[in-house]
$ cat coords.txt   # compact mmCIF, C-alpha atoms and all ligand atoms
# COMPACT_ATOMS: atom_id res chain seq x y z
CA MET A 19 2.35 46.15 -3.13
CA LYS A 20 3.31 42.68 -1.94
CA ARG A 21 4.51 40.47 -4.77
CA VAL A 22 3.06 36.97 -4.48
CA VAL A 23 3.97 33.66 -6.11
CA ILE A 24 1.45 30.82 -5.85
CA LEU A 25 2.49 27.20 -6.23
CA GLY A 26 -0.55 25.06 -6.95
CA SER A 27 -2.70 27.93 -8.21
CA THR A 28 -5.38 25.71 -9.75
CA GLY A 29 -5.98 23.62 -6.62
CA SER A 30 -8.38 24.25 -3.77
CA ILE A 31 -6.09 26.53 -1.69
CA GLY A 32 -4.63 28.16 -4.81
CA THR A 33 -8.00 29.24 -6.20
CA GLN A 34 -9.14 30.45 -2.77
CA THR A 35 -5.91 32.48 -2.47
CA LEU A 36 -6.72 34.17 -5.77
CA ASP A 37 -10.24 34.85 -4.43
CA VAL A 38 -8.63 36.66 -1.50
CA ILE A 39 -6.20 38.60 -3.71
CA ARG A 40 -9.12 39.68 -5.90
CA GLN A 41 -10.55 41.39 -2.78
CA TYR A 42 -7.25 43.17 -2.03
CA LYS A 43 -6.36 44.25 -5.56
CA ASP A 44 -4.34 47.32 -4.49
CA GLU A 45 -2.20 45.40 -2.02
CA PHE A 46 -1.05 42.28 -3.83
CA GLU A 47 0.53 41.68 -7.19
CA VAL A 48 0.58 38.10 -8.51
CA VAL A 49 4.03 37.67 -10.07
CA GLY A 50 4.02 33.91 -10.49
CA LEU A 51 1.58 31.03 -10.89
CA ALA A 52 2.40 27.32 -10.95
CA CYS A 53 0.25 24.31 -11.62
CA ASN A 54 0.69 20.73 -12.72
CA SER A 55 -1.62 20.36 -15.72
CA ASN A 56 -4.92 22.25 -15.40
CA ILE A 57 -4.20 24.52 -18.37
CA LEU A 58 -7.76 25.69 -18.89
CA LEU A 59 -8.02 27.20 -15.43
CA LEU A 60 -4.42 28.44 -15.51
CA GLN A 61 -5.16 30.33 -18.72
CA LYS A 62 -8.07 32.14 -17.07
CA GLN A 63 -5.87 32.98 -14.09
CA ILE A 64 -3.14 34.35 -16.37
CA GLN A 65 -5.66 36.54 -18.17
CA GLU A 66 -6.99 37.96 -14.92
CA PHE A 67 -3.84 38.33 -12.81
CA LYS A 68 -1.18 38.84 -15.52
CA PRO A 69 1.77 37.14 -13.79
CA LYS A 70 5.31 37.68 -15.10
CA TYR A 71 6.19 34.02 -14.59
CA VAL A 72 4.25 30.81 -15.13
CA ALA A 73 5.34 27.26 -14.30
CA VAL A 74 3.70 24.08 -15.57
CA SER A 75 5.31 20.88 -14.34
CA ASP A 76 3.59 18.58 -16.84
CA GLU A 77 5.58 19.16 -20.04
CA LYS A 78 2.83 17.95 -22.39
CA ALA A 79 0.25 20.16 -20.71
CA ALA A 80 2.64 23.11 -20.95
CA GLN A 81 2.61 22.76 -24.74
CA ARG A 82 -1.12 23.47 -24.76
CA LEU A 83 -0.62 26.85 -23.09
CA PRO A 84 -0.71 29.63 -25.71
CA LYS A 85 2.27 31.99 -25.56
CA GLY A 86 1.73 35.30 -23.82
CA ASP A 87 3.38 38.16 -22.02
CA PHE A 88 5.07 35.94 -19.42
CA THR A 89 8.09 33.70 -19.00
CA LEU A 90 7.15 30.02 -19.04
CA PHE A 91 9.02 27.36 -17.07
CA ASP A 92 8.03 23.80 -17.93
CA GLY A 93 8.90 20.25 -16.99
CA ASP A 94 10.57 18.79 -13.92
CA LEU A 95 12.42 21.94 -12.91
CA ALA A 96 9.54 24.35 -13.60
CA ILE A 97 8.46 24.85 -10.02
CA THR A 98 12.01 25.03 -8.68
CA SER A 99 12.74 27.76 -11.22
CA LEU A 100 9.67 29.71 -10.13
CA CYS A 101 10.95 29.52 -6.52
CA THR A 102 13.91 31.71 -7.43
CA VAL A 103 12.07 34.70 -8.88
CA GLU A 104 11.91 37.97 -6.90
CA CYS A 105 8.83 38.08 -4.68
CA ASP A 106 7.76 39.03 -1.13
CA ILE A 107 5.78 35.95 -0.30
CA LEU A 108 5.63 32.49 -1.83
CA LEU A 109 2.48 30.53 -1.10
CA ASN A 110 3.16 26.81 -1.32
CA ALA A 111 -0.18 25.10 -1.90
CA LEU A 112 1.17 22.05 -3.70
CA VAL A 113 -0.31 18.74 -2.64
CA GLY A 114 2.02 15.93 -1.62
CA ILE A 115 5.75 15.49 -1.14
CA GLU A 116 6.29 17.48 -4.35
CA GLY A 117 5.95 20.49 -2.07
CA LEU A 118 9.08 19.82 0.00
CA SER A 119 11.86 20.62 -2.41
CA PRO A 120 10.35 23.95 -3.60
CA THR A 121 10.08 25.06 0.05
CA ILE A 122 13.77 24.31 0.56
CA THR A 123 14.71 26.15 -2.64
CA ALA A 124 12.66 29.22 -1.67
CA LEU A 125 14.12 29.26 1.86
CA LYS A 126 17.65 29.10 0.46
CA PHE A 127 16.71 31.98 -1.82
CA GLY A 128 15.53 33.98 1.20
CA THR A 129 11.82 34.11 0.43
CA THR A 130 9.10 34.26 3.07
CA ILE A 131 6.87 31.24 2.75
CA ALA A 132 3.15 30.92 3.38
CA LEU A 133 2.88 27.20 3.87
CA ALA A 134 -0.20 25.22 2.93
CA ASN A 135 1.71 22.11 1.82
CA LYS A 136 1.54 19.64 4.69
CA GLU A 137 4.28 17.29 3.52
CA THR A 138 6.95 19.99 3.76
CA LEU A 139 6.96 19.87 7.55
CA VAL A 140 5.71 16.29 7.91
CA THR A 141 8.64 14.82 6.00
CA GLY A 142 11.33 17.49 6.20
CA GLY A 143 10.31 19.47 9.29
CA ASP A 144 13.65 19.31 11.05
CA ILE A 145 15.57 20.35 7.91
CA VAL A 146 13.11 23.07 6.93
CA MET A 147 12.80 24.69 10.38
CA LYS A 148 16.57 24.76 10.78
CA LEU A 149 17.00 26.32 7.35
CA ALA A 150 14.34 28.93 8.14
CA LYS A 151 15.98 29.74 11.47
CA ASP A 152 19.52 29.92 10.06
CA ASN A 153 18.37 32.23 7.27
CA ASN A 154 16.04 34.20 9.54
CA ILE A 155 13.00 33.56 7.35
CA ASP A 156 9.41 33.33 8.46
CA ILE A 157 7.24 30.34 7.71
CA LEU A 158 3.66 31.55 7.84
CA PRO A 159 1.11 28.80 8.44
CA VAL A 160 -1.90 28.72 6.16
CA ASP A 161 -3.65 25.61 7.45
CA SER A 162 -6.58 26.76 9.60
CA GLU A 163 -5.42 25.04 12.80
CA HIS A 164 -1.85 26.29 12.63
CA SER A 165 -3.04 29.74 11.67
CA ALA A 166 -5.30 29.64 14.73
CA ILE A 167 -2.42 28.68 17.05
CA TRP A 168 -0.24 31.36 15.48
CA GLN A 169 -2.95 33.96 15.97
CA CYS A 170 -3.53 32.84 19.58
CA LEU A 171 0.21 33.38 20.13
CA ASP A 172 -0.19 36.87 18.72
CA PHE A 173 2.13 35.82 15.86
CA ASN A 174 4.95 35.11 18.31
CA LYS A 175 5.95 31.47 17.77
CA ASP A 176 8.49 31.62 20.63
CA LYS A 177 5.93 32.32 23.36
CA LYS A 178 6.17 29.77 26.15
CA ILE A 179 2.98 27.76 26.34
CA ASP A 180 2.07 24.56 28.10
CA LYS A 181 -0.08 22.87 25.51
CA ILE A 182 -1.63 23.11 22.10
CA LEU A 183 -5.27 22.05 21.79
CA LEU A 184 -5.62 21.06 18.14
CA THR A 185 -9.22 20.81 17.00
CA ALA A 186 -10.48 18.29 14.44
CA SER A 187 -13.80 18.21 12.62
CA GLY A 188 -13.75 14.44 13.04
CA GLY A 189 -14.20 13.92 9.31
CA ALA A 190 -17.07 12.36 7.42
CA PHE A 191 -17.24 9.18 9.53
CA ARG A 192 -17.21 10.82 12.97
CA GLY A 193 -19.39 9.02 15.50
CA LYS A 194 -19.62 5.80 13.48
CA THR A 195 -18.41 2.43 14.75
CA LYS A 196 -15.64 0.35 13.19
CA ASP A 197 -18.24 -2.06 11.85
CA GLU A 198 -20.17 0.72 10.17
CA ILE A 199 -17.05 2.32 8.71
CA LYS A 200 -15.29 -0.75 7.36
CA ASN A 201 -17.33 -0.96 4.16
CA LEU A 202 -17.82 2.77 3.56
CA ARG A 203 -16.29 4.06 0.37
CA ALA A 204 -14.44 7.17 -0.73
CA GLN A 205 -17.57 8.67 -2.22
CA ASP A 206 -19.21 8.53 1.22
CA ALA A 207 -16.25 10.37 2.72
CA LEU A 208 -16.23 13.04 0.05
CA LYS A 209 -19.49 14.41 1.45
CA HIS A 210 -17.46 16.18 4.12
CA PRO A 211 -19.49 18.02 6.74
CA THR A 212 -17.83 21.42 7.19
CA TRP A 213 -14.78 22.20 5.08
CA ASN A 214 -14.44 22.57 1.34
CA MET A 215 -11.18 20.76 0.46
CA GLY A 216 -9.49 18.65 -2.20
CA ASN A 217 -10.16 14.88 -2.42
CA LYS A 218 -6.90 13.72 -0.81
CA VAL A 219 -7.36 15.97 2.22
CA THR A 220 -11.00 14.94 2.56
CA ILE A 221 -10.06 11.26 2.81
CA ASP A 222 -7.24 12.13 5.24
CA SER A 223 -9.83 13.98 7.23
CA ALA A 224 -12.10 10.91 7.33
CA THR A 225 -9.25 8.64 8.53
CA LEU A 226 -8.01 11.40 10.92
CA MET A 227 -4.59 11.05 9.26
CA ASN A 228 -5.01 14.72 8.40
CA LYS A 229 -4.98 15.53 12.11
CA GLY A 230 -1.97 13.28 12.62
CA LEU A 231 -0.09 15.16 9.90
CA GLU A 232 -1.11 18.41 11.56
CA VAL A 233 0.28 17.27 14.92
CA ILE A 234 3.65 16.71 13.23
CA GLU A 235 3.45 20.13 11.55
CA ALA A 236 2.48 21.86 14.81
CA MET A 237 5.34 20.11 16.61
CA HIS A 238 7.82 21.64 14.16
CA LEU A 239 6.21 25.05 13.67
CA PHE A 240 5.76 25.80 17.35
CA ASN A 241 8.61 23.68 18.72
CA MET A 242 6.38 21.50 20.90
CA SER A 243 6.60 17.88 21.92
CA PRO A 244 3.78 15.77 20.42
CA LYS A 245 2.70 14.74 23.92
CA ASP A 246 1.87 18.40 24.59
CA ILE A 247 -0.46 18.54 21.60
CA GLU A 248 -3.94 17.34 22.46
CA ILE A 249 -6.54 16.58 19.81
CA ILE A 250 -10.10 17.66 20.45
CA VAL A 251 -12.88 16.66 18.10
CA HIS A 252 -15.14 19.63 17.47
CA LYS A 253 -17.64 18.89 14.75
CA GLU A 254 -18.78 22.47 14.07
CA SER A 255 -15.24 23.62 13.10
CA ILE A 256 -15.77 27.03 14.70
CA VAL A 257 -12.91 26.89 17.21
CA HIS A 258 -9.91 26.36 14.94
CA SER A 259 -7.46 25.49 17.74
CA MET A 260 -6.37 26.78 21.13
CA ILE A 261 -3.30 27.28 23.27
CA GLN A 262 -3.04 26.64 26.99
CA TYR A 263 -0.75 28.42 29.45
CA LYS A 264 0.68 26.70 32.51
CA ASP A 265 -1.78 28.52 34.78
CA GLY A 266 -4.62 26.74 32.95
CA SER A 267 -5.75 29.72 30.91
CA ILE A 268 -6.88 28.74 27.40
CA ILE A 269 -7.03 31.03 24.37
CA GLY A 270 -8.77 30.02 21.16
CA GLN A 271 -9.39 31.41 17.69
CA LEU A 272 -12.96 31.31 16.40
CA SER A 273 -14.56 32.00 13.04
CA TYR A 274 -16.81 30.34 10.52
CA PRO A 275 -14.92 27.60 8.64
CA ASP A 276 -13.58 29.28 5.53
CA MET A 277 -10.00 28.76 4.33
CA LYS A 278 -9.96 32.27 2.92
CA LEU A 279 -9.61 33.62 6.46
CA PRO A 280 -6.30 31.90 7.33
CA ILE A 281 -5.08 32.59 3.78
CA GLN A 282 -5.68 36.32 4.17
CA VAL A 283 -4.11 36.30 7.66
CA ALA A 284 -0.88 34.88 6.18
CA LEU A 285 -0.91 37.21 3.17
CA ASN A 286 -1.50 40.33 5.27
CA TYR A 287 0.91 39.42 8.09
CA PRO A 288 2.20 41.28 10.08
CA LYS A 289 -0.79 43.57 9.46
CA ARG A 290 -4.41 42.59 9.91
CA GLY A 291 -6.51 42.62 6.77
CA ASP A 292 -9.74 44.52 6.40
CA TYR A 293 -13.12 43.05 7.00
CA LEU A 294 -13.79 40.26 4.50
CA PHE A 295 -15.88 37.77 6.40
CA SER A 296 -18.95 37.96 8.54
CA PRO A 297 -17.90 37.53 12.16
CA LEU A 298 -19.56 34.79 14.18
CA SER A 299 -23.11 35.27 15.24
CA PHE A 300 -23.41 33.66 18.68
CA LYS A 301 -27.15 33.49 18.45
CA ASP A 302 -28.09 29.86 17.62
CA LEU A 303 -24.48 28.73 17.98
CA THR A 304 -23.93 25.50 19.93
CA LEU A 305 -20.46 24.00 20.11
CA HIS A 306 -19.55 20.38 20.88
CA PHE A 307 -16.23 18.92 21.97
CA GLU A 308 -15.15 15.31 22.45
CA THR A 309 -11.95 13.31 22.68
CA ALA A 310 -10.54 11.62 19.59
CA ASP A 311 -11.23 7.88 19.17
CA LEU A 312 -7.87 6.29 18.37
CA GLU A 313 -9.40 2.80 18.31
CA THR A 314 -11.84 3.57 15.49
CA PHE A 315 -9.36 5.81 13.66
CA PRO A 316 -6.02 3.95 13.84
CA CYS A 317 -4.33 6.30 11.35
CA LEU A 318 -4.24 8.95 14.06
CA LYS A 319 -2.62 6.58 16.54
CA ILE A 320 0.02 5.64 13.96
CA ALA A 321 0.73 9.31 13.26
CA LEU A 322 1.16 10.11 16.96
CA ASP A 323 3.69 7.26 17.32
CA VAL A 324 5.51 8.45 14.22
CA ALA A 325 5.56 12.06 15.49
CA ALA A 326 7.41 10.92 18.60
CA LYS A 327 9.90 8.89 16.51
CA ARG A 328 10.75 11.71 14.05
CA GLY A 329 13.56 11.00 11.53
CA LEU A 330 12.33 9.23 8.40
CA ALA A 331 9.32 7.58 10.07
CA PRO A 332 6.91 10.41 9.11
CA THR A 333 8.12 10.13 5.48
CA ILE A 334 7.42 6.39 5.41
CA MET A 335 3.96 6.91 6.87
CA ASN A 336 3.19 9.78 4.54
CA ALA A 337 4.30 8.00 1.36
CA ALA A 338 2.30 4.88 2.21
CA ASN A 339 -0.72 6.99 3.09
CA GLU A 340 -0.60 8.99 -0.16
CA GLU A 341 -0.54 5.82 -2.26
CA LEU A 342 -3.23 4.11 -0.20
CA VAL A 343 -5.56 7.11 -0.30
CA GLN A 344 -5.30 7.13 -4.10
CA LEU A 345 -6.25 3.43 -4.12
CA TYR A 346 -9.15 4.11 -1.76
CA LEU A 347 -10.34 6.96 -3.99
CA LYS A 348 -10.34 4.50 -6.91
CA ASP A 349 -12.37 2.05 -4.84
CA LYS A 350 -9.56 -0.57 -4.94
CA ILE A 351 -9.15 -0.97 -1.19
CA LYS A 352 -11.28 -0.63 1.92
CA PHE A 353 -11.08 1.94 4.68
CA TYR A 354 -9.02 -0.08 7.17
CA ASP A 355 -6.65 -1.28 4.45
CA ILE A 356 -5.22 2.24 4.66
CA SER A 357 -4.06 2.02 8.29
CA ASP A 358 -3.14 -1.71 8.04
CA ASN A 359 -0.81 -1.13 5.11
CA ILE A 360 0.73 2.04 6.54
CA GLN A 361 1.70 -0.03 9.58
CA LYS A 362 3.15 -2.72 7.29
CA ALA A 363 5.30 -0.12 5.54
CA LEU A 364 6.50 1.26 8.87
CA ASP A 365 7.44 -2.25 10.02
CA LYS A 366 9.27 -3.01 6.80
CA PHE A 367 11.33 0.13 6.31
CA ALA A 368 14.06 1.15 8.71
CA SER A 369 13.83 4.79 9.59
CA GLU A 370 17.24 5.12 11.25
CA ASP A 371 19.04 6.70 8.28
CA SER A 372 19.84 10.36 8.71
CA LEU A 373 17.30 12.97 7.68
CA THR A 374 18.44 14.49 4.39
CA LEU A 375 16.45 15.58 1.34
CA PHE A 376 18.05 12.71 -0.58
CA ASN A 377 17.05 10.09 2.00
CA ILE A 378 13.52 11.50 2.24
CA GLN A 379 13.07 11.26 -1.53
CA ARG A 380 14.64 7.79 -1.69
CA VAL A 381 12.51 6.34 1.12
CA ASP A 382 9.43 8.05 -0.29
CA TYR A 383 10.04 6.32 -3.63
CA ASP A 384 10.77 2.90 -2.08
CA VAL A 385 7.69 2.94 0.12
CA ARG A 386 5.45 3.86 -2.82
CA GLU A 387 6.85 0.95 -4.87
CA PHE A 388 6.31 -1.36 -1.91
CA ILE A 389 2.66 -0.32 -1.57
CA LYS A 390 2.01 -0.60 -5.32
CA LYS A 391 3.49 -4.10 -5.37
CA SER A 392 1.75 -5.37 -2.26
CA ILE A 393 -1.76 -4.36 -3.38
MN MN B 1 -6.39 21.73 8.76
$ encode --input "coords.txt" --output "structure tokens"
Amino acid sequence: MKRVVILGSTGSIGTQTLDVIRQYKDEFEVVGLACNSNILLLQKQIQEFKPKYVAVSDEKAAQRLPKGDFTLFDGDLAITSLCTVECDILLNALVGIEGLSPTITALKFGTTIALANKETLVTGGDIVMKLAKDNNIDILPVDSEHSAIWQCLDFNKDKKIDKILLTASGGAFRGKTKDEIKNLRAQDALKHPTWNMGNKVTIDSATLMNKGLEVIEAMHLFNMSPKDIEIIVHKESIVHSMIQYKDGSIIGQLSYPDMKLPIQVALNYPKRGDYLFSPLSFKDLTLHFETADLETFPCLKIALDVAAKRGLAPTIMNAANEELVQLYLKDKIKFYDISDNIQKALDKFASEDSLTLFNIQRVDYDVREFIKKSI
């Protein structure tokens, strides 16, 4: 039995992970669940999966959780505490920069990490990959694109390849002009065409910032230069990414878009899980591919610049983006205010300071204050 801890168990990836575990009841034991404040759902999960440890980071919410046959961690250190319990795999599905420090704690503790938290590698990639390497710990990608690349590499991240071809659905506003997009609101974006995701990721998908963050993650995970990562818009989300060898041969991973597939790949690694999903039916399947439009989606251009810069630049971009997406979700700003203000933050904050967890958290805080004040 593999013992699993899930950070962010009530979110989109967390609940889908529990869906997968429900299908593999004899192979996985849920030993820990962590959430921020969704006590109602957490309670149901506790009843069903009977974890030994539970973490609730919102202290007030934690008080609403009836006592049970588990150890409860609450407050600011709840999730960090849960990162130090015995387990075989820790799935980090937290949303936002909150996910970075738990990853570092778990790596120091020697735990294999299934990573669904984007900000871990976006902000702290160089620290995290070094820590993983020094401690000889695997970071298993859960995001569909990185899982696809990993699978194309036959789970061997050190294989020498020429290029990564990272596919993008194009988001809700794909194919529209700048003029059409400029007045579209968050609720329009939330009708996302192919994937079922949380609100923040859906907006990031509409701005293509999501793909920019994924370029930075891929750069760290597979030790590639961002110029060797090409983005290909593929609206059907059937090809989840590809790798290219120097002789021009391209290998891709295909399946219907369902996050439960990459989740089960990570959980079952190094084995292959049993049949859970219907394989593709090629009858009636037509696939389209186009290049990404950096002019209409400036967030992606910013992210590619930032990827090349490394250091604290990705943290500045990410913090500004997180704040701006929240404002866009509340209908307080317009679509292009997101990219305009991310650029302002990047111009204002120096990113030359050394990359440490402290500096990441400090810059993250300062940039958020700057965005809140300027809007
Ligand atoms: Mn993705």
$ closest_residue --input "coords.txt" --among "A:Asp161, A:Asp246, A:Glu66, A:Asp44" --to "ligand MN 1 (chain B)" --atoms "all atoms listed in the file"
A:Asp161
$ atom_distance --input "coords.txt" --atom1 "atom CA of A:Asp384" --atom2 "atom CA of A:Ile334"
8.9 Å
$ closest_residue --input "coords.txt" --among "A:Ile31, A:Phe191, A:Gln65, A:Tyr346" --to "ligand MN 1 (chain B)" --atoms "all atoms listed in the file"
A:Ile31
$ closest_atom_pairs --input "coords.txt" --of "stretch 139-164 of chain A" --to "stretch 364-376 of chain A" --cutoff "10 Å" --atoms "all atoms listed in the file" --output "CSV"
residue,atom,partner,partner_atom,distance
A:Thr141,CA,A:Leu373,CA,9.0
A:Gly142,CA,A:Leu375,CA,7.3
A:Gly143,CA,A:Leu373,CA,9.7
A:Asp144,CA,A:Leu373,CA,8.1
A:Ile145,CA,A:Thr374,CA,7.4
A:Val146,CA,A:Leu375,CA,9.9
$ residues_near_ligand --input "coords.txt" --ligand "ligand MN 1 (chain B)" --cutoff "9 Å" --atoms "only C-alpha atoms and all ligand atoms" --output "list in words"
Val160, Asp161, Ser162, Glu163, His164, Thr185, Ala186, Val219, Ser223, Asn228, Lys229, Glu232 and His258 of chain A
$ closest_residue --input "coords.txt" --among "A:Lys319, A:Lys43, A:Lys352, A:Lys390" --to "A:Lys20" --atoms "all atoms listed in the file"
A:Lys43
$ atom_distance --input "coords.txt" --atom1 "atom CA of A:Val22" --atom2 "atom CA of A:Thr123"
16.0 Å
$ closest_residue --input "coords.txt" --among "A:Leu125, A:Leu312, A:Ile256, A:Ala207" --to "A:Asp276" --atoms "all atoms listed in the file"
A:Ile256
$ residues_near_point --input "coords.txt" --point "(7.1, 17.9, 5.7)" --cutoff "10 Å" --atoms "all atoms listed in the file" --output "PyMOL selection string"
chain A and resi 114-115+117-119+121+135-146+231+234-235+238+332-333+336+378
$ residues_around --input "coords.txt" --residues "stretch 260-274 of chain A" --least-positions-apart "2" --cutoff "7 Å" --atoms "only C-alpha atoms" --output "number ranges by chain"
A: 166-167, 170, 179-184, 256-258, 276, 297-298
$ atom_distance --input "coords.txt" --atom1 "atom CA of A:Ala284" --atom2 "atom CA of A:Leu60"
22.9 Å
$ closest_atom_pairs --input "coords.txt" --of "stretch 277-375 of chain A" --to "stretch 94-112 of chain A" --cutoff "12 Å" --atoms "all atoms listed in the file" --output "tab-separated table"
residue	atom	partner	partner_atom	distance
A:Ile281	CA	A:Leu109	CA	9.2
A:Gln282	CA	A:Leu109	CA	11.3
A:Ala284	CA	A:Leu109	CA	9.1
A:Leu285	CA	A:Ile107	CA	7.6
A:Asn286	CA	A:Ile107	CA	10.2
A:Tyr287	CA	A:Ile107	CA	10.3
$ write_last_selection --input "coords.txt" --atoms "C-alpha atoms" --output "PDB file, in the frame of the given file"
ATOM      1  CA  ILE A 281      -5.080  32.590   3.780  1.00  0.00           C
ATOM      2  CA  GLN A 282      -5.680  36.320   4.170  1.00  0.00           C
ATOM      3  CA  ALA A 284      -0.880  34.880   6.180  1.00  0.00           C
ATOM      4  CA  LEU A 285      -0.910  37.210   3.170  1.00  0.00           C
ATOM      5  CA  ASN A 286      -1.500  40.330   5.270  1.00  0.00           C
ATOM      6  CA  TYR A 287       0.910  39.420   8.090  1.00  0.00           C
TER       7      TYR A 287
END
$ closest_residue --input "coords.txt" --among "A:Leu202, A:Ile360, A:Ala132, A:Ala52" --to "A:Gly93" --atoms "all atoms listed in the file"
A:Ala52
$ closest_residue --input "coords.txt" --among "A:Trp168, A:Phe240, A:Phe353, A:Phe388" --to "A:Asp222" --atoms "all atoms listed in the file"
A:Phe353
$ residues_near_point --input "coords.txt" --point "(-3.5, 14.2, 23.4)" --cutoff "9 Å" --atoms "all atoms listed in the file" --output "list of chain:residue names"
A:Leu183, A:Leu184, A:Pro244, A:Lys245, A:Asp246, A:Ile247, A:Glu248, A:Ile249, A:Ile250, A:Thr309, A:Ala310, A:Leu322
$ residues_around --input "coords.txt" --residues "A:Ile57" --least-positions-apart "6" --cutoff "10 Å" --atoms "all atoms listed in the file" --output "list of chain:residue names"
A:Thr28, A:Gln63, A:Val74, A:Asp76, A:Ala79, A:Ala80, A:Gln81, A:Arg82, A:Leu83, A:Pro84
$ residues_around --input "coords.txt" --residues "A:Phe307" --least-positions-apart "4" --cutoff "8 Å" --atoms "only C-alpha atoms" --output "number ranges by chain"
A: 250-253
$ residues_around --input "coords.txt" --residues "A:Ala204" --least-positions-apart "5" --cutoff "8 Å" --atoms "all atoms listed in the file" --output "tab-separated table (two decimals) with C-alpha atoms, in the frame of the given file"
chain	number	residue	atom	x	y	z
A	221	ILE	CA	-10.06	11.26	2.81
A	346	TYR	CA	-9.15	4.11	-1.76
A	347	LEU	CA	-10.34	6.96	-3.99
A	348	LYS	CA	-10.34	4.50	-6.91
A	349	ASP	CA	-12.37	2.05	-4.84
$ build_atoms --input "coords.txt" --residues "stretch 19-32 of chain A" --atoms "N, CA and C atoms" --output "PDB file, keeping the file's coordinate frame"
ATOM      1  N   MET A  19       2.920  47.374  -2.571  1.00  0.00           N
ATOM      2  CA  MET A  19       2.350  46.150  -3.130  1.00  0.00           C
ATOM      3  C   MET A  19       3.193  44.937  -2.758  1.00  0.00           C
ATOM      4  N   LYS A  20       2.583  43.920  -2.213  1.00  0.00           N
ATOM      5  CA  LYS A  20       3.310  42.680  -1.940  1.00  0.00           C
ATOM      6  C   LYS A  20       3.278  41.826  -3.194  1.00  0.00           C
ATOM      7  N   ARG A  21       4.456  41.333  -3.590  1.00  0.00           N
ATOM      8  CA  ARG A  21       4.510  40.470  -4.770  1.00  0.00           C
ATOM      9  C   ARG A  21       4.368  39.015  -4.343  1.00  0.00           C
ATOM     10  N   VAL A  22       3.396  38.322  -4.918  1.00  0.00           N
ATOM     11  CA  VAL A  22       3.060  36.970  -4.480  1.00  0.00           C
ATOM     12  C   VAL A  22       3.280  35.947  -5.589  1.00  0.00           C
ATOM     13  N   VAL A  23       3.877  34.812  -5.218  1.00  0.00           N
ATOM     14  CA  VAL A  23       3.970  33.660  -6.110  1.00  0.00           C
ATOM     15  C   VAL A  23       3.104  32.551  -5.516  1.00  0.00           C
ATOM     16  N   ILE A  24       2.314  31.899  -6.342  1.00  0.00           N
ATOM     17  CA  ILE A  24       1.450  30.820  -5.850  1.00  0.00           C
ATOM     18  C   ILE A  24       1.798  29.505  -6.517  1.00  0.00           C
ATOM     19  N   LEU A  25       2.253  28.555  -5.717  1.00  0.00           N
ATOM     20  CA  LEU A  25       2.490  27.200  -6.230  1.00  0.00           C
ATOM     21  C   LEU A  25       1.227  26.392  -6.008  1.00  0.00           C
ATOM     22  N   GLY A  26       0.704  25.807  -7.070  1.00  0.00           N
ATOM     23  CA  GLY A  26      -0.550  25.060  -6.950  1.00  0.00           C
ATOM     24  C   GLY A  26      -1.740  25.986  -7.115  1.00  0.00           C
ATOM     25  N   SER A  27      -1.674  26.877  -8.098  1.00  0.00           N
ATOM     26  CA  SER A  27      -2.700  27.930  -8.210  1.00  0.00           C
ATOM     27  C   SER A  27      -4.054  27.403  -8.661  1.00  0.00           C
ATOM     28  N   THR A  28      -4.088  26.212  -9.269  1.00  0.00           N
ATOM     29  CA  THR A  28      -5.380  25.710  -9.750  1.00  0.00           C
ATOM     30  C   THR A  28      -6.057  24.767  -8.749  1.00  0.00           C
ATOM     31  N   GLY A  29      -5.385  24.500  -7.641  1.00  0.00           N
ATOM     32  CA  GLY A  29      -5.980  23.620  -6.620  1.00  0.00           C
ATOM     33  C   GLY A  29      -6.913  24.381  -5.692  1.00  0.00           C
ATOM     34  N   SER A  30      -7.391  23.675  -4.676  1.00  0.00           N
ATOM     35  CA  SER A  30      -8.380  24.250  -3.770  1.00  0.00           C
ATOM     36  C   SER A  30      -7.842  25.481  -3.028  1.00  0.00           C
ATOM     37  N   ILE A  31      -6.654  25.384  -2.420  1.00  0.00           N
ATOM     38  CA  ILE A  31      -6.090  26.530  -1.690  1.00  0.00           C
ATOM     39  C   ILE A  31      -5.660  27.620  -2.679  1.00  0.00           C
ATOM     40  N   GLY A  32      -5.086  27.205  -3.814  1.00  0.00           N
ATOM     41  CA  GLY A  32      -4.630  28.160  -4.810  1.00  0.00           C
ATOM     42  C   GLY A  32      -5.766  29.056  -5.313  1.00  0.00           C
TER      43      GLY A  32
END
